[in-house]
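Colleague: First the structure, then my questions, so here it is.
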Amino acid sequence: MKKIYLCIFKMIMRQKTTAILLILTMFATCIMGQIPAGYYNDAIGKSGYALQSALCQIIGNHNIVGYNELWYYYQFTDLKPDSTIWDIYTDPYCSFGIDDHGATGNAECVTYNREHAFCQSWFGGTSEPPVSDLHHIFPVSSWINSYRNNYPYGEVMTPDRQFQNGSKWGKNTFVSTVDQTPSGTAFEPIDEYKGDVARAIFYMSTRYMFEDSNFCTDASVAPMTLRSQLRPWALEMLKNWHIVDPVSQKEIDRNNAIYNIQHNRNPYIDHPQLVNLVWGNDSVQNVFDPGFIPVSHIHIKDLIIPNTTTIVIKFDTTIVPTSVTNHSNYTISNGIKIDSVNPTQSDALTIHLQNMLTPGYPYYMIVRNIQSVNGYFLQDTSLSFVYGYSSKHQPIVSWTFDTTLSAPNTPKVIAADINGTGFAATLFLEGSNGASDFNQENSFNEITTYPGTRIGDPRISNAYDGRALAITGSYTNGKSLVWKFSSQYWENLIITLANRRTPTGFFMHTWEYSLDGTKFDTLYNVTTVADSLNLFELKTIDLQQYNQFNRQQQIFLRLTIDSAYSVSGNNRFDNFTVFAQKCSDKYVYNDTILTNQPYEKYGFQIPPINGVGSLVFTRETEMEAACDSTVILNLTIATDTTHTNDNLNEVLRRSTPQLIIYPNPAKQSCKIKLTDMEDYNTQLLMQITTPTGQIILSRMENPNPFTGEIEFHAESLPYGIYLVTISGKNFTARGKMVIVK
């Protein structure tokens with residue numbers, strides 16, 4: 001009853017003159033709150049167009065509220081626990097009070113406005129009821145709302161503007177497999193709210209499918225929609241977003257609150273499977289049944305990306321080769337196009353790409369319709385990945401320029417903002433270490449500072465635009481910048497940097513390296529000039545093939561810029577970041593003990609072994625300011641009279657624990673099982689990391705003493721691939737875990 005009283009209390013405090021009848025009505029609807037029994041009965045047994053039509057009849061004729069009343073109702077539909085407005089375009093950066101609505105303003109967090117996900121120009125302006133239908137009208141930053149305007153949603157690889165929480169505005173780079181995607185301006189929300197937007201638009205297509213005679217048909221005005229229905233490219237993209245961002249508790253609560261007000265629901269939040277039953281292949285095989293839980297007998301087991309143009313997917317069962325080659329079974333974000341798909345093994349396929357993956361850039365991929373030999377089809381599955389980094393790569397040095405630059409004075413010696421190496425990391429522009437001396441006279445500044453970007457910012461959770469270093473003017477042609485840093489305890493270097501250029505800026509970059517700061521050699525096949533004008537782009541220098549960069553106390557990278565042809569032309573640089581793997585030294589020891597004797601040397605603690613022969617033990621030690629250590633022990637177990645191998649296979653099996661994760665991929669929970677351990681009654685360290693090495697979880701676990709299982713609840717993890725590491729006293733075991741939603 002506490003929740004009901006709160007609902008009434010808020011109404012009375014907000015509008016003291018409200019009639020008793022209205023209060024009692026709201027009291028009744030506050031009680032309901034969930035899907036009413038039998039609400040979707042008329043849709044059961046249907047699929048495709050018939051299902052969409054039935055849903056339209058169920059959710060139609062809703063209680064219409066006035067457009068100006070939305071300000072009032074947002075306190076019930078879109079309020080965070082801290083009583084601020086939940087804005088999907090700025091969350092978590094802006095904190096709007098319920099009354100902070102109004103004019104556009106000139107920044108993100110000034111005021112909020114009413115955002116029609118299904119634009120007003122697409123349905124005819126101010127007509128009721130779509131103009132005030134809460135299901136698709138979100139409270140968002142007025143300033144960002146003015147940028148989104150009437151543009152479609154899309155995917156933006158290189159934004160003209162990126163907002164604080166990562167939402168982007170710029171050229172649409174979504175690649176459709178079924179239709180031509182409009183290449184104009186689009187708005188992309190962050191992944192966490194892509195599904196919210198998609199399901200709001202699915203609602204509109206269903207609610208108004210028989211009331212859309214005045215809706216727009218002109219693709220130049222409504223590029224996503226044809227009257228109420230979605231154009232093929234938009235339907236494909238929004239179906240992907242529906243998979244990438246599953247229904248959240250926020251959406252469920254908002255749906256329930258809107259039902260209390262409008263007396264209709266968004267069916268695609270209540271039953272997410274309806275999307276594929278209305279618009280997907282499930283409409284051919286299945287019909288709507290609210291209690292049906294689909295059983296999939298085929299899962300993705302592994303995702304391997306050996307180079308920039310190849311993706312390998314492995315399954316947990318044998319697949320039908322003819323189900324693999326259809327390009328429309330796969331969608332890859334950020335403008336990646338597919339050249340060919342081929343079955344390469346009985347349980348694997350290889351995707352060859354037309355254009356290259358960018359190292360360090362996040363992607364998502366949707367895989368669907370792959371058939372196993374037992375007749376089952378793969379459920380639509382979302383995978384996220386970052387190409388080019390192993391699970392052990394991490395940022396060790398970065399110049400984000402956010403704390404080292406200040407306008408208008410730009411220092412000629414700039415220390416790294418982030419430095420985890422323990423050695424000096426410096427950018428030189430004053431004539432030393434092979435760098436040029438840049439002019440800073442008042443009449444012409446060759447170096448200055450401009451607003452930066454969060455593209456390539458290694459501070460993923462709290463990235464922000466900050467400042468960027470700018471090199472300016474044709475007078476600067478032929479001059480060089482030098483970055484100095486250390487890789488003393490690191491290997492397999494990858495460097496990423498964000499770069500943008502003006503039309504008359506430097507369109508030639510030459511990279512060189514040195515280990516002493518005097519003799520420089522050329523780095524060939526390195527391209528870091530921005531392809532687009534006035535847009536930041538992420539560029540990569542992959543140094544993993546150069547062993548000479550491993551474990552060096554000092555490395556100098558020199559960039560020479562050239563071919564600017566005006567005094568105002570410039571290049572801007574931001575988020576110059578060095579990624580690397582911690583180096584690992586290998587120590588090998590050979591030793592002999594008698595059977596049934598314990599062994600405690602070189603950091604090993606091995607219990608007595610009943611058997612004879614040779615065994616191999618391995619342990620790893622993570623070092624703070626040195627290379628990590630891998631210690632290998634070749635141990636011979638002997639007696640005074642024999643060197644036979646009695647019981648050795650059993651001993652070896654028990655001495656090398658293996659890690660098994662199932663189910664894998666996992667949705668809500670999975671079990672992590674250790675096999676081949678002699679004693680499960682011990683405490684173990686479990687770590688879960690992202691492909692880029694970010695530690696998501698690190699804690700001690702006690703496995704089941706009888707089965708060796710650790711139960712892990714994965715609901716809080718976003719979709720993607722994770723590395724699971726279990727460490728015990730004498731071993732470390734690793735495995736990959738795929739999370740799907």
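In the structure tokens, the first chain shown is A, the next is B, and so on; residue numbers restart at 1 for each chain, and ligands run from 1 in the order shown.
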List the spatial neighbours of range 389-403 of chain A as a count of residues only - criterion: any atom at most 9 Å away, only C-alpha atoms, same-chain residues fewer than 2 positions off excluded.
Modeller: 51
Colleague: Write out as a ChimeraX atom specification the residues lying within 10 Å of range 73-89 of chain A, counting only C-alpha atoms and excluding same-chain residues fewer than 4 positions away.
Modeller: /A:7,10-11,14,65,68-69,93-100,108,112-114,134-135,137-141,144-145,163-168,188-190,192-194,196-197,250-251,253-261
Colleague: Give the strand (DSSP E or B) residues of range 259-318 of chain A, as assigned by DSSP on the backbone, as a PyMOL selection string.
Modeller: chain A and resi 300-307+310-315
Colleague: Can you spit out the residues from that selection as a PDB file, in the first residue's frame, using N, CA and C atoms?
Modeller:
```pdb
ATOM      1  N   ILE A 300      26.199 -19.367 -30.117  1.00  0.00           N
ATOM      2  CA  ILE A 300      27.534 -18.935 -30.508  1.00  0.00           C
ATOM      3  C   ILE A 300      28.506 -19.261 -29.379  1.00  0.00           C
ATOM      4  N   LYS A 301      29.557 -19.974 -29.729  1.00  0.00           N
ATOM      5  CA  LYS A 301      30.534 -20.410 -28.737  1.00  0.00           C
ATOM      6  C   LYS A 301      31.728 -19.473 -28.667  1.00  0.00           C
ATOM      7  N   ASP A 302      32.116 -18.908 -29.803  1.00  0.00           N
ATOM      8  CA  ASP A 302      33.322 -18.081 -29.793  1.00  0.00           C
ATOM      9  C   ASP A 302      33.286 -17.098 -30.959  1.00  0.00           C
ATOM     10  N   LEU A 303      33.924 -15.955 -30.760  1.00  0.00           N
ATOM     11  CA  LEU A 303      34.074 -14.921 -31.779  1.00  0.00           C
ATOM     12  C   LEU A 303      35.561 -14.624 -31.900  1.00  0.00           C
ATOM     13  N   ILE A 304      36.105 -14.807 -33.098  1.00  0.00           N
ATOM     14  CA  ILE A 304      37.536 -14.627 -33.325  1.00  0.00           C
ATOM     15  C   ILE A 304      37.712 -13.609 -34.449  1.00  0.00           C
ATOM     16  N   ILE A 305      38.596 -12.621 -34.243  1.00  0.00           N
ATOM     17  CA  ILE A 305      38.834 -11.593 -35.254  1.00  0.00           C
ATOM     18  C   ILE A 305      40.332 -11.564 -35.536  1.00  0.00           C
ATOM     19  N   PRO A 306      40.788 -12.385 -36.504  1.00  0.00           N
ATOM     20  CA  PRO A 306      42.234 -12.519 -36.728  1.00  0.00           C
ATOM     21  C   PRO A 306      42.880 -11.315 -37.388  1.00  0.00           C
ATOM     22  N   ASN A 307      42.127 -10.504 -38.155  1.00  0.00           N
ATOM     23  CA  ASN A 307      42.685  -9.319 -38.803  1.00  0.00           C
ATOM     24  C   ASN A 307      41.571  -8.313 -39.060  1.00  0.00           C
ATOM     25  N   THR A 310      38.435  -9.789 -41.325  1.00  0.00           N
ATOM     26  CA  THR A 310      37.940 -11.156 -41.170  1.00  0.00           C
ATOM     27  C   THR A 310      37.332 -11.355 -39.786  1.00  0.00           C
ATOM     28  N   ILE A 311      36.171 -11.998 -39.752  1.00  0.00           N
ATOM     29  CA  ILE A 311      35.525 -12.370 -38.495  1.00  0.00           C
ATOM     30  C   ILE A 311      35.160 -13.848 -38.573  1.00  0.00           C
ATOM     31  N   VAL A 312      35.523 -14.603 -37.554  1.00  0.00           N
ATOM     32  CA  VAL A 312      35.209 -16.029 -37.487  1.00  0.00           C
ATOM     33  C   VAL A 312      34.251 -16.260 -36.326  1.00  0.00           C
ATOM     34  N   ILE A 313      33.153 -16.962 -36.596  1.00  0.00           N
ATOM     35  CA  ILE A 313      32.174 -17.289 -35.560  1.00  0.00           C
ATOM     36  C   ILE A 313      32.087 -18.802 -35.433  1.00  0.00           C
ATOM     37  N   LYS A 314      32.176 -19.291 -34.200  1.00  0.00           N
ATOM     38  CA  LYS A 314      32.065 -20.722 -33.935  1.00  0.00           C
ATOM     39  C   LYS A 314      30.797 -20.996 -33.134  1.00  0.00           C
ATOM     40  N   PHE A 315      30.147 -22.126 -33.447  1.00  0.00           N
ATOM     41  CA  PHE A 315      28.903 -22.504 -32.795  1.00  0.00           C
ATOM     42  C   PHE A 315      29.117 -23.765 -31.960  1.00  0.00           C
TER      43      PHE A 315
END
```
Colleague: Using only C-alpha atoms, can you tell me which of A:Thr350, A:Gly422, A:Ile35, A:Thr318 comes closest to Gly375 in chain A?
Modeller: A:Thr318
Colleague: As an NGL selection string, please: the residues near range 704-713 of chain A (cut-off 7 Å, only C-alpha atoms, same-chain neighbours under 3 positions excluded).
Modeller: :A and (668-675 or 680-681)
Colleague: If you run DSSP over the backbone, which residues in range 206-413 of chain A end up helix (DSSP H, G or I)? Put them as a PyMOL selection string.
Modeller: chain A and resi 206-207+232-244+249-262+267-270+274-279+282-285+321-323+327-329
Colleague: Selection from above, N, CA and C atoms, as a short mmCIF file (atom, residue, chain, number, x, y, z; two decimals), in the first residue's frame, can you write it?
Modeller:
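Result file again-v4.cif:
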```
data_model
loop_
_atom_site.label_atom_id
_atom_site.label_comp_id
_atom_site.auth_asym_id
_atom_site.auth_seq_id
_atom_site.Cartn_x
_atom_site.Cartn_y
_atom_site.Cartn_z
N THR A 206 2.47 0.60 -34.70
CA THR A 206 1.35 -0.30 -34.42
C THR A 206 0.11 0.47 -33.97
N ARG A 207 0.28 1.42 -33.07
CA ARG A 207 -0.87 2.17 -32.54
C ARG A 207 -1.61 2.93 -33.64
N PRO A 232 12.33 0.01 -44.90
CA PRO A 232 13.11 -1.22 -44.63
C PRO A 232 14.41 -0.99 -43.88
N TRP A 233 15.18 0.04 -44.26
CA TRP A 233 16.47 0.25 -43.59
C TRP A 233 16.26 0.59 -42.11
N ALA A 234 15.24 1.42 -41.84
CA ALA A 234 14.99 1.84 -40.47
C ALA A 234 14.49 0.67 -39.63
N LEU A 235 13.62 -0.17 -40.22
CA LEU A 235 13.14 -1.35 -39.51
C LEU A 235 14.30 -2.27 -39.14
N GLU A 236 15.24 -2.46 -40.08
CA GLU A 236 16.40 -3.32 -39.81
C GLU A 236 17.23 -2.74 -38.68
N MET A 237 17.51 -1.44 -38.72
CA MET A 237 18.35 -0.83 -37.69
C MET A 237 17.67 -0.89 -36.32
N LEU A 238 16.38 -0.56 -36.27
CA LEU A 238 15.69 -0.55 -34.98
C LEU A 238 15.52 -1.96 -34.41
N LYS A 239 15.37 -2.97 -35.27
CA LYS A 239 15.34 -4.35 -34.79
C LYS A 239 16.69 -4.70 -34.16
N ASN A 240 17.78 -4.20 -34.77
CA ASN A 240 19.10 -4.42 -34.18
C ASN A 240 19.18 -3.74 -32.81
N TRP A 241 18.71 -2.52 -32.73
CA TRP A 241 18.76 -1.78 -31.46
C TRP A 241 17.92 -2.47 -30.39
N HIS A 242 16.82 -3.05 -30.81
CA HIS A 242 15.95 -3.79 -29.88
C HIS A 242 16.71 -4.97 -29.26
N ILE A 243 17.61 -5.58 -30.05
CA ILE A 243 18.41 -6.71 -29.55
C ILE A 243 19.58 -6.21 -28.72
N VAL A 244 20.26 -5.16 -29.20
CA VAL A 244 21.44 -4.63 -28.52
C VAL A 244 21.10 -4.13 -27.12
N GLN A 249 14.38 -2.12 -16.56
CA GLN A 249 13.38 -1.83 -15.53
C GLN A 249 12.84 -0.42 -15.68
N LYS A 250 13.67 0.51 -16.15
CA LYS A 250 13.20 1.88 -16.41
C LYS A 250 12.04 1.86 -17.38
N GLU A 251 12.17 1.11 -18.48
CA GLU A 251 11.09 1.04 -19.47
C GLU A 251 9.83 0.39 -18.89
N ILE A 252 10.03 -0.65 -18.12
CA ILE A 252 8.88 -1.33 -17.52
C ILE A 252 8.12 -0.38 -16.61
N ASP A 253 8.86 0.35 -15.78
CA ASP A 253 8.22 1.30 -14.87
C ASP A 253 7.52 2.41 -15.65
N ARG A 254 8.16 2.89 -16.70
CA ARG A 254 7.56 3.96 -17.50
C ARG A 254 6.30 3.46 -18.20
N ASN A 255 6.33 2.26 -18.71
CA ASN A 255 5.17 1.67 -19.38
C ASN A 255 3.99 1.54 -18.41
N ASN A 256 4.29 1.08 -17.21
CA ASN A 256 3.23 0.96 -16.20
C ASN A 256 2.65 2.33 -15.83
N ALA A 257 3.52 3.33 -15.71
CA ALA A 257 3.05 4.67 -15.35
C ALA A 257 2.19 5.27 -16.45
N ILE A 258 2.59 5.08 -17.70
CA ILE A 258 1.80 5.62 -18.81
C ILE A 258 0.45 4.90 -18.88
N TYR A 259 0.43 3.61 -18.59
CA TYR A 259 -0.85 2.89 -18.57
C TYR A 259 -1.80 3.49 -17.54
N ASN A 260 -1.26 3.91 -16.42
CA ASN A 260 -2.07 4.57 -15.39
C ASN A 260 -2.71 5.86 -15.90
N ILE A 261 -2.04 6.50 -16.88
CA ILE A 261 -2.50 7.80 -17.39
C ILE A 261 -3.32 7.63 -18.67
N GLN A 262 -2.79 6.88 -19.65
CA GLN A 262 -3.43 6.77 -20.96
C GLN A 262 -4.32 5.53 -21.10
N PRO A 267 3.17 -2.80 -26.19
CA PRO A 267 3.27 -4.27 -26.16
C PRO A 267 4.69 -4.77 -26.34
N TYR A 268 5.57 -3.97 -26.98
CA TYR A 268 6.92 -4.42 -27.27
C TYR A 268 7.83 -4.31 -26.04
N ILE A 269 7.36 -3.63 -25.01
CA ILE A 269 8.03 -3.66 -23.71
C ILE A 269 7.50 -4.83 -22.88
N ASP A 270 6.19 -5.03 -22.91
CA ASP A 270 5.58 -6.13 -22.16
C ASP A 270 6.05 -7.49 -22.67
N LEU A 274 7.48 -9.96 -29.42
CA LEU A 274 6.52 -9.51 -30.43
C LEU A 274 7.21 -8.85 -31.62
N VAL A 275 8.38 -8.24 -31.41
CA VAL A 275 9.07 -7.57 -32.52
C VAL A 275 9.37 -8.56 -33.63
N ASN A 276 9.92 -9.69 -33.27
CA ASN A 276 10.26 -10.69 -34.29
C ASN A 276 9.04 -11.43 -34.79
N LEU A 277 7.99 -11.50 -33.98
CA LEU A 277 6.76 -12.16 -34.43
C LEU A 277 5.98 -11.28 -35.40
N VAL A 278 6.14 -9.97 -35.29
CA VAL A 278 5.47 -9.06 -36.23
C VAL A 278 6.31 -8.83 -37.47
N TRP A 279 7.62 -8.55 -37.29
CA TRP A 279 8.45 -8.11 -38.42
C TRP A 279 9.59 -9.07 -38.76
N ASP A 282 10.45 -15.07 -37.13
CA ASP A 282 9.62 -15.84 -36.21
C ASP A 282 8.16 -15.84 -36.65
N SER A 283 7.77 -14.81 -37.42
CA SER A 283 6.37 -14.74 -37.87
C SER A 283 6.03 -15.86 -38.83
N VAL A 284 7.04 -16.48 -39.42
CA VAL A 284 6.81 -17.62 -40.32
C VAL A 284 6.69 -18.92 -39.54
N GLN A 285 7.43 -19.02 -38.45
CA GLN A 285 7.52 -20.28 -37.72
C GLN A 285 6.62 -20.35 -36.49
N PRO A 321 25.34 -25.61 -43.97
CA PRO A 321 26.15 -24.66 -44.75
C PRO A 321 25.33 -23.68 -45.56
N THR A 322 24.19 -24.11 -46.11
CA THR A 322 23.40 -23.22 -46.95
C THR A 322 22.73 -22.09 -46.17
N SER A 323 22.68 -22.19 -44.85
CA SER A 323 22.07 -21.12 -44.04
C SER A 323 23.06 -20.02 -43.70
N HIS A 327 23.87 -12.66 -46.71
CA HIS A 327 24.45 -11.49 -46.04
C HIS A 327 23.48 -10.84 -45.07
N SER A 328 22.18 -10.96 -45.34
CA SER A 328 21.20 -10.30 -44.47
C SER A 328 21.10 -10.97 -43.10
N ASN A 329 21.79 -12.09 -42.89
CA ASN A 329 21.82 -12.75 -41.58
C ASN A 329 22.78 -12.05 -40.61
#
```
Colleague: As an exercise, work out the distance from CA of Asn149 in chain A to CA of Glu128 in chain A in Å and give it to one decimal place.
Modeller: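 About the pair CA of Asn149 in chain A and CA of Glu128 in chain A: they are 19.9 Å apart.
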Colleague: One number please: CA of Tyr546 in chain A to CA of Glu622 in chain A, in Å, one decimal.
Modeller: 24.4 Å
Colleague: State, in Å with one decimal place, the distance from CA of Asn525 in chain A to CA of Ile338 in chain A.
Modeller: 24.3 Å
Colleague: Report as an MDAnalysis selection string all protein, DNA and RNA residues lying within 8 Å of range 531-538 of chain A, evaluated on only C-alpha atoms, omitting residues in the same chain fewer than 4 positions from it.
Modeller: chainID A and resid 158:160 358 361 453 455:456 496:503
Colleague: Could you list, as a ChimeraX atom specification, every residue within 8 Å of Pro152 in chain A, counting only C-alpha atoms and ignoring same-chain residues fewer than 4 positions away?
Modeller: /A:148,185-187,222-224
Colleague: For those residues, write N, CA and C atoms to a file as an mmCIF file, in the first residue's frame.
Modeller:
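As a result, out.cif now contains:
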```cif
data_model
loop_
_atom_site.group_PDB
_atom_site.id
_atom_site.type_symbol
_atom_site.label_atom_id
_atom_site.label_comp_id
_atom_site.auth_asym_id
_atom_site.auth_seq_id
_atom_site.Cartn_x
_atom_site.Cartn_y
_atom_site.Cartn_z
ATOM 1 N N ARG A 148 18.725 17.319 -32.670
ATOM 2 C CA ARG A 148 18.048 16.176 -33.274
ATOM 3 C C ARG A 148 16.977 16.649 -34.261
ATOM 4 N N THR A 185 22.149 13.637 -42.300
ATOM 5 C CA THR A 185 22.393 13.788 -40.865
ATOM 6 C C THR A 185 21.458 12.892 -40.061
ATOM 7 N N ALA A 186 21.972 12.347 -38.979
ATOM 8 C CA ALA A 186 21.188 11.465 -38.106
ATOM 9 C C ALA A 186 21.612 11.705 -36.661
ATOM 10 N N PHE A 187 20.807 11.200 -35.748
ATOM 11 C CA PHE A 187 21.105 11.296 -34.315
ATOM 12 C C PHE A 187 21.185 9.882 -33.751
ATOM 13 N N ALA A 222 10.369 12.485 -44.114
ATOM 14 C CA ALA A 222 10.283 11.379 -43.153
ATOM 15 C C ALA A 222 11.144 10.216 -43.653
ATOM 16 N N PRO A 223 12.474 10.298 -43.490
ATOM 17 C CA PRO A 223 13.362 9.274 -44.052
ATOM 18 C C PRO A 223 13.259 7.909 -43.383
ATOM 19 N N MET A 224 12.659 7.839 -42.171
ATOM 20 C CA MET A 224 12.535 6.547 -41.486
ATOM 21 C C MET A 224 11.188 5.880 -41.726
#
```
Colleague: A:Val221, A:Ile370, A:Ile332, A:Leu635: which is nearest Met356 in chain A, counting only C-alpha atoms?
Modeller: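 Closest residue, counting only C-alpha atoms: A:Ile332.
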